[in-house]
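Just below is one structure, and these are the notes that go with it.
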Number of protein chains: 2
Amino acid sequence: MSTVAKAISLLEMLGRGEPELALADLARHAGFDKATTRRLLLSLMEHGLVEQDEGTRRYRLGAGLGRLALMREAQFPFLRTAAPLVEALATETGETVHLSEYSRRGLITVHVVESTKANRVSVALGELLPMHATASGIAFLAFTEDRIRDTILAGPLPAFTPFTVSSAAALAEQIAAARARGHSIGSQGFEEGVQSVAAPILGADGLAIGTIAIAAPQVRVLEGDIERYGAGVADAAHSIGERLVGRRSLPERRRA
Amino acid sequence: MSTVAKAISLLEMLGRGEPELALADLARHAGFDKATTRRLLLSLMEHGLVEQDEGTRRYRLGAGLGRLALMREAQFPFLRTAAPLVEALATETGETVHLSEYSRRGLITVHVVESTKANRVSVALGELLPMHATASGIAFLAFTEDRIRDTILAGPLPAFTPFTVSSAAALAEQIAAARARGHSIGSQGFEEGVQSVAAPILGADGLAIGTIAIAAPQVRVLEGDIERYGAGVADAAHSIGERLVGRRSLPERRRA
DNA sequence: AAATGCCGTTGCAAATAGTGAAATGAACAT
DNA sequence: ATGTTCATTTCACTATTTGCAACGGCATTT
């Protein structure tokens with residue numbers, strides 16, 4: 001395991017769970033020596049990625065992360081571009097709408113507008129969505145490179161509910177259906193009683209860079225809603241993709 | 001230089017300037033070997049902190065940074081708490097209001113609401129504000145630990161304009177005045193023709209964790225405005241501090 | 001078309017940086 | 001007071017990281 005990987009795993013550990021962690025806890029959970037852990041944290045603190053409470057000596061994520069995230073957003077305004085469409089769709093449907101972006105580790109929930117109804121689906125910001133068990137994941141897989149899709153199909157497919165699609169064959173089928181349809185349909189794959197619909201947001205190369213999804217309590221999803229929602233997410237995803245590609249300040253690619 | 005520090009310096013390099021950089025450029029600017037640079041980038045990519053364009057093979061900041069930043073914001077909701085107050089102050093004054101948070105490297109601009117007037121002050125999101133040359137910096141230094149203040153006073157004080165306070169003695173005086181007044185006043189220290197006023201946002205321990213500032217073109221600042229703005233930022237900063245400390249979901253500290 | 005230059009990628013020996021056990025000291029609980 | 005827990009420091013050891021050099025692909029130039 002590379003030193004950099006260790007440092008990053010500490011960051012993730014600090015992100016998940018308690019707002020502040022003590023050195024000993026971090027070392028124990030990470031499986032590193034206390035001395036090692038501290039040196040890594042010191043390096044991270046040096047650059048503002050981690051902060052230490054002066055009083056309790058405990059560690060937390062630092063403001064430098066926000067800075068890097070802001071700079072990325074300035075270079076590639078995914079959230080700023082997509083947020084208005086997410087909000088519009090939420091208003092239109094009255095259900096929870098969430099936006100996610102692809103990263104190596106999975107789909108990251110970057111924006112959520114929750115339904116105003118009492119019985120609603122809640123999605124945590126920053127949550128990592130499993131590729132095989134969510135509508136967003138399926139929608140993404142349907143429009144990504146073969147390499148990524150194959151990796152998921154080959155890997156483990158843990159079941160989160162009794163309804164999770166956990167065979168590679170069944171998953172491949174769902175992906176193919178989503179590709180043909182333009183949007184995916186997820187039924188209680190990640191959380192019981194939740195029905196969702198998602199569409200891929202395509203980048204300049206025609207591959208998915210994220211997804212937009214509607215999630216609703218199953219009991220509220222009536223005849224025809226799925227189709228309406230499907231059209232809704234597909235439209236929104238399309239608009240986001242177009243705005244993103246148009247606004248791109250990136251120099252043109254070599255190969256298109 | 002630790003490996004982790006090298007990796008982070010690559011992140012910062014990717015953040016500053018061009019949205020995407022080639023391996024050779026990164027290696028050249030960072031002063032690392034091409035092979036080393038690539039291996040570091042590979043580690044960062046593994047965790048989603050960096051992404052690579054499939055076509056051009058160039059690197060950019062990754063979505064994983066946004067994830068970590070979101071998790072931090074969930075644990076310590078600085079932006080969410082402060083943003084409404086920033087907006088209110090901007091509406092009230094009609095001038096640009098910006099919010100910054102302390103990090104090891106300096107004050108990070110995390111939120112900006114620009115004036116709607118044509119002649120206005122623009123502040124870039126994610127920008128690092130120099131401690132000695134901005135109203136925000138002075139306000140922060142006036143309410144932080146001696147250690148941090150002394151480090152700045154001992155360090156270099158580069159002049160950004162002919163008006164930048166660049167002697168330690170003069171700076172110490174400004175800091176003392178700001179502490180007595182409760183807010184700081186900056187006059188063309190960072191950018192010519194810009195007048196600004198800032199107040200520190202205090203954390204649970206009574207030390208500054210960030211600042212809120214109003215920045216206006218000097219020509220528009222009339223008799224009495226400085227005092228009004230000073231009271232405005234001080235009030236806003238106070239409200240933010242109280243909400244932040246109150247809402248804190250952190251366990252109580254050992255030492256108060 | 002052949003050649004040149006640039007870039008990303010890979011392999012390998014040398015060396016630097018990272019590692020872990022143990023000791024120290026400070027804070028807290030009993 | 002005493003014992004326990006935790007952060008911090010030290011130091012010899014080892015493994016990871018490093019940089020050179022060579023390779024192959026791609027684009028532009030001769």
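Going by the structure tokens order, chains are called A, B, ..., each with residues numbered from 1, while ligands are numbered from 1 in the order shown.
Every chain B residue lying within 9 Å of chain D, based on only C-alpha atoms (C1' of nucleotides), is listed here: Thr3, Asp33, Lys34, Ala35 and Thr36 of chain B.
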Point to revise | At most 6 Å to chain B: residues in chain A, only C-alpha atoms, as an NGL selection string | key: :A and (4 or 15 or 19 or 48 or 61 or 63 or 65-67 or 69-72 or 75 or 103-104 or 126)
**Study point:** Distance query Pro84 (chain A) at most 10 Å, only C-alpha atoms (C1' of nucleotides), self and fewer than 5 positions along chain excluded, as a list in words
**Key:**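 These residues fall inside the cut-off: Leu79, Leu89, Ala90, Ala236 and Ile240 of chain A.
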Practice item. Would you please work out which residue, of C:DT19, C:DT10, C:DT24, C:DT30, is nearest to chain B when using only C-alpha atoms (C1' of nucleotides)? Key: C:DT10
Check your understanding: So which bits of region 20-191 of chain A end up strand (DSSP E) when you DSSP the backbone, as a list in words?
Key ->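 DSSP-assigned strand (DSSP E) residues in region 20-191 of chain A: Val50, Glu51, Gln52, Tyr59, Arg60, Leu61, Thr96, Val97, His98, Leu99, Ser100, Glu101, Tyr102, Ser103, Gly106, Leu107, Ile108, Thr109, Val110, His111, Val112, Val113, Leu128, Leu129, Ser184, Ile185, Gly186 and Ser187 of chain A.
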Mind dumping a table of every chain C residue within 9 Å of chain B, with the nearest atom pair and its distance in Å to one decimal, using only C-alpha atoms (C1' of nucleotides), sorted by chain and rising number, as a Markdown table?
```
| residue | atom | partner | partner_atom | distance |
| --- | --- | --- | --- | --- |
| C:DC7 | C1' | B:Ala24 | CA | 7.2 |
| C:DG8 | C1' | B:Leu23 | CA | 7.8 |
| C:DT9 | C1' | B:Ala35 | CA | 8.3 |
| C:DA17 | C1' | B:Ser2 | CA | 7.2 |
| C:DG18 | C1' | B:Ser2 | CA | 8.9 |
```
Please produce a file of the residues just selected, as a tab-separated table (two decimals), in the first residue's frame, where the atoms kept are N, CA and C atoms (P, O5', C5', C4', C3', O3' and C1' of nucleotides).
```tsv
chain	number	residue	atom	x	y	z
C	7	DC	P	6.41	17.22	-24.49
C	7	DC	O5'	5.54	15.94	-24.13
C	7	DC	C5'	4.38	15.63	-24.92
C	7	DC	C4'	3.98	14.20	-24.64
C	7	DC	C3'	4.03	13.83	-23.16
C	7	DC	O3'	2.72	13.55	-22.69
C	7	DC	C1'	5.04	12.15	-24.52
C	8	DG	P	2.45	13.32	-21.18
C	8	DG	O5'	2.29	11.73	-21.13
C	8	DG	C5'	1.29	11.13	-21.92
C	8	DG	C4'	1.49	9.62	-21.95
C	8	DG	C3'	1.44	8.95	-20.58
C	8	DG	O3'	0.62	7.80	-20.68
C	8	DG	C1'	3.47	8.41	-21.67
C	9	DT	P	0.25	6.97	-19.37
C	9	DT	O5'	1.31	5.81	-19.38
C	9	DT	C5'	1.38	4.94	-20.51
C	9	DT	C4'	2.57	4.02	-20.40
C	9	DT	C3'	2.72	3.31	-19.04
C	9	DT	O3'	2.50	1.92	-19.26
C	9	DT	C1'	4.81	4.09	-19.89
C	17	DA	P	14.31	11.92	1.06
C	17	DA	O5'	12.96	11.27	1.61
C	17	DA	C5'	12.10	10.58	0.70
C	17	DA	C4'	11.31	9.55	1.46
C	17	DA	C3'	10.70	10.10	2.73
C	17	DA	O3'	9.33	9.83	2.67
C	17	DA	C1'	11.87	8.08	3.18
C	18	DG	P	8.17	9.99	3.46
C	18	DG	O5'	7.90	8.54	4.05
C	18	DG	C5'	7.56	7.52	3.14
C	18	DG	C4'	7.56	6.20	3.87
C	18	DG	C3'	6.62	6.17	5.09
C	18	DG	O3'	5.92	4.94	5.06
C	18	DG	C1'	8.79	5.55	5.73
```
Point to revise | Near-Arg149 (chain B) list (12 Å; only C-alpha atoms (C1' of nucleotides); drop same-chain fewer than 3 positions) as a list of chain:residue names | key: B:Gly106, B:Met131, B:His132, B:Gly137, B:Ile138, B:Ala139, B:Phe140, B:Leu141, B:Ala142, B:Phe143, B:Thr144, B:Glu145, B:Asp146, B:Ile152, B:Leu153, B:Ala154, B:Gly155, B:Ala168, B:Leu171, B:Ala172, B:Ile175, B:Ala176, B:Leu207, B:Ala208
For the selection just defined, write its residues with N, CA, C and O atoms to a file, as an mmCIF file, in the first residue's frame.
```cif
data_model
loop_
_atom_site.group_PDB
_atom_site.id
_atom_site.type_symbol
_atom_site.label_atom_id
_atom_site.label_comp_id
_atom_site.auth_asym_id
_atom_site.auth_seq_id
_atom_site.Cartn_x
_atom_site.Cartn_y
_atom_site.Cartn_z
ATOM 1 N N GLY B 106 -3.659 29.814 4.744
ATOM 2 C CA GLY B 106 -4.168 31.186 4.653
ATOM 3 C C GLY B 106 -5.669 31.179 4.779
ATOM 4 O O GLY B 106 -6.258 30.164 5.168
ATOM 5 N N MET B 131 -2.720 37.112 4.745
ATOM 6 C CA MET B 131 -3.099 37.548 6.088
ATOM 7 C C MET B 131 -2.808 39.027 6.340
ATOM 8 O O MET B 131 -3.583 39.719 6.981
ATOM 9 N N HIS B 132 -1.684 39.483 5.845
ATOM 10 C CA HIS B 132 -1.240 40.825 6.238
ATOM 11 C C HIS B 132 -1.801 41.926 5.338
ATOM 12 O O HIS B 132 -1.694 43.092 5.670
ATOM 13 N N GLY B 137 -7.731 39.186 6.713
ATOM 14 C CA GLY B 137 -6.537 38.678 7.367
ATOM 15 C C GLY B 137 -6.282 39.364 8.698
ATOM 16 O O GLY B 137 -6.011 38.710 9.711
ATOM 17 N N ILE B 138 -6.385 40.678 8.694
ATOM 18 C CA ILE B 138 -6.136 41.446 9.931
ATOM 19 C C ILE B 138 -7.172 41.082 10.998
ATOM 20 O O ILE B 138 -6.835 40.885 12.165
ATOM 21 N N ALA B 139 -8.415 40.971 10.562
ATOM 22 C CA ALA B 139 -9.474 40.629 11.513
ATOM 23 C C ALA B 139 -9.204 39.254 12.118
ATOM 24 O O ALA B 139 -9.374 39.042 13.319
ATOM 25 N N PHE B 140 -8.765 38.358 11.278
ATOM 26 C CA PHE B 140 -8.465 37.012 11.765
ATOM 27 C C PHE B 140 -7.308 37.037 12.759
ATOM 28 O O PHE B 140 -7.396 36.473 13.849
ATOM 29 N N LEU B 141 -6.233 37.703 12.369
ATOM 30 C CA LEU B 141 -5.040 37.758 13.220
ATOM 31 C C LEU B 141 -5.340 38.397 14.575
ATOM 32 O O LEU B 141 -4.726 38.038 15.589
ATOM 33 N N ALA B 142 -6.279 39.304 14.591
ATOM 34 C CA ALA B 142 -6.614 39.990 15.839
ATOM 35 C C ALA B 142 -7.275 39.054 16.849
ATOM 36 O O ALA B 142 -7.304 39.333 18.045
ATOM 37 N N PHE B 143 -7.810 37.955 16.350
ATOM 38 C CA PHE B 143 -8.523 37.040 17.248
ATOM 39 C C PHE B 143 -8.086 35.593 17.096
ATOM 40 O O PHE B 143 -8.899 34.688 17.162
ATOM 41 N N THR B 144 -6.798 35.423 16.878
ATOM 42 C CA THR B 144 -6.314 34.051 16.791
ATOM 43 C C THR B 144 -5.226 33.829 17.841
ATOM 44 O O THR B 144 -4.904 34.717 18.625
ATOM 45 N N GLU B 145 -4.675 32.628 17.849
ATOM 46 C CA GLU B 145 -3.614 32.320 18.809
ATOM 47 C C GLU B 145 -2.371 33.168 18.545
ATOM 48 O O GLU B 145 -2.069 33.509 17.405
ATOM 49 N N ASP B 146 -1.632 33.434 19.591
ATOM 50 C CA ASP B 146 -0.402 34.206 19.458
ATOM 51 C C ASP B 146 0.563 33.549 18.481
ATOM 52 O O ASP B 146 1.224 34.220 17.693
ATOM 53 N N ILE B 152 3.112 35.028 11.320
ATOM 54 C CA ILE B 152 2.878 35.981 10.234
ATOM 55 C C ILE B 152 3.755 37.227 10.413
ATOM 56 O O ILE B 152 4.399 37.691 9.478
ATOM 57 N N LEU B 153 3.803 37.723 11.631
ATOM 58 C CA LEU B 153 4.588 38.935 11.893
ATOM 59 C C LEU B 153 6.079 38.704 11.614
ATOM 60 O O LEU B 153 6.785 39.602 11.171
ATOM 61 N N ALA B 154 6.524 37.481 11.845
ATOM 62 C CA ALA B 154 7.936 37.167 11.639
ATOM 63 C C ALA B 154 8.242 36.889 10.172
ATOM 64 O O ALA B 154 9.364 37.076 9.713
ATOM 65 N N GLY B 155 7.234 36.450 9.439
ATOM 66 C CA GLY B 155 7.448 36.047 8.046
ATOM 67 C C GLY B 155 7.546 37.235 7.101
ATOM 68 O O GLY B 155 7.494 38.389 7.517
ATOM 69 N N ALA B 168 6.372 44.850 10.022
ATOM 70 C CA ALA B 168 5.772 44.096 11.117
ATOM 71 C C ALA B 168 5.170 45.026 12.167
ATOM 72 O O ALA B 168 4.086 44.763 12.701
ATOM 73 N N LEU B 171 1.907 46.455 10.992
ATOM 74 C CA LEU B 171 0.908 45.394 10.967
ATOM 75 C C LEU B 171 0.393 45.104 12.374
ATOM 76 O O LEU B 171 -0.821 44.988 12.604
ATOM 77 N N ALA B 172 1.321 45.027 13.325
ATOM 78 C CA ALA B 172 0.935 44.758 14.711
ATOM 79 C C ALA B 172 -0.011 45.847 15.221
ATOM 80 O O ALA B 172 -0.975 45.557 15.948
ATOM 81 N N ILE B 175 -3.427 45.281 13.769
ATOM 82 C CA ILE B 175 -4.061 44.139 14.425
ATOM 83 C C ILE B 175 -4.625 44.567 15.781
ATOM 84 O O ILE B 175 -5.771 44.233 16.127
ATOM 85 N N ALA B 176 -3.823 45.331 16.509
ATOM 86 C CA ALA B 176 -4.263 45.793 17.832
ATOM 87 C C ALA B 176 -5.507 46.670 17.696
ATOM 88 O O ALA B 176 -6.478 46.533 18.457
ATOM 89 N N LEU B 207 -11.644 31.738 19.622
ATOM 90 C CA LEU B 207 -10.659 32.096 18.601
ATOM 91 C C LEU B 207 -11.321 32.108 17.225
ATOM 92 O O LEU B 207 -12.320 31.427 16.994
ATOM 93 N N ALA B 208 -10.736 32.892 16.317
ATOM 94 C CA ALA B 208 -11.330 33.042 14.986
ATOM 95 C C ALA B 208 -11.207 31.768 14.170
ATOM 96 O O ALA B 208 -10.163 31.109 14.184
#
```
Exercise for review: Output as a ChimeraX atom specification all residues of region 32-177 of chain A that backbone DSSP marks as alpha helix (DSSP H).
Suggested key: /A:34-46,63-75,78-93,135-142,146-154,168-177
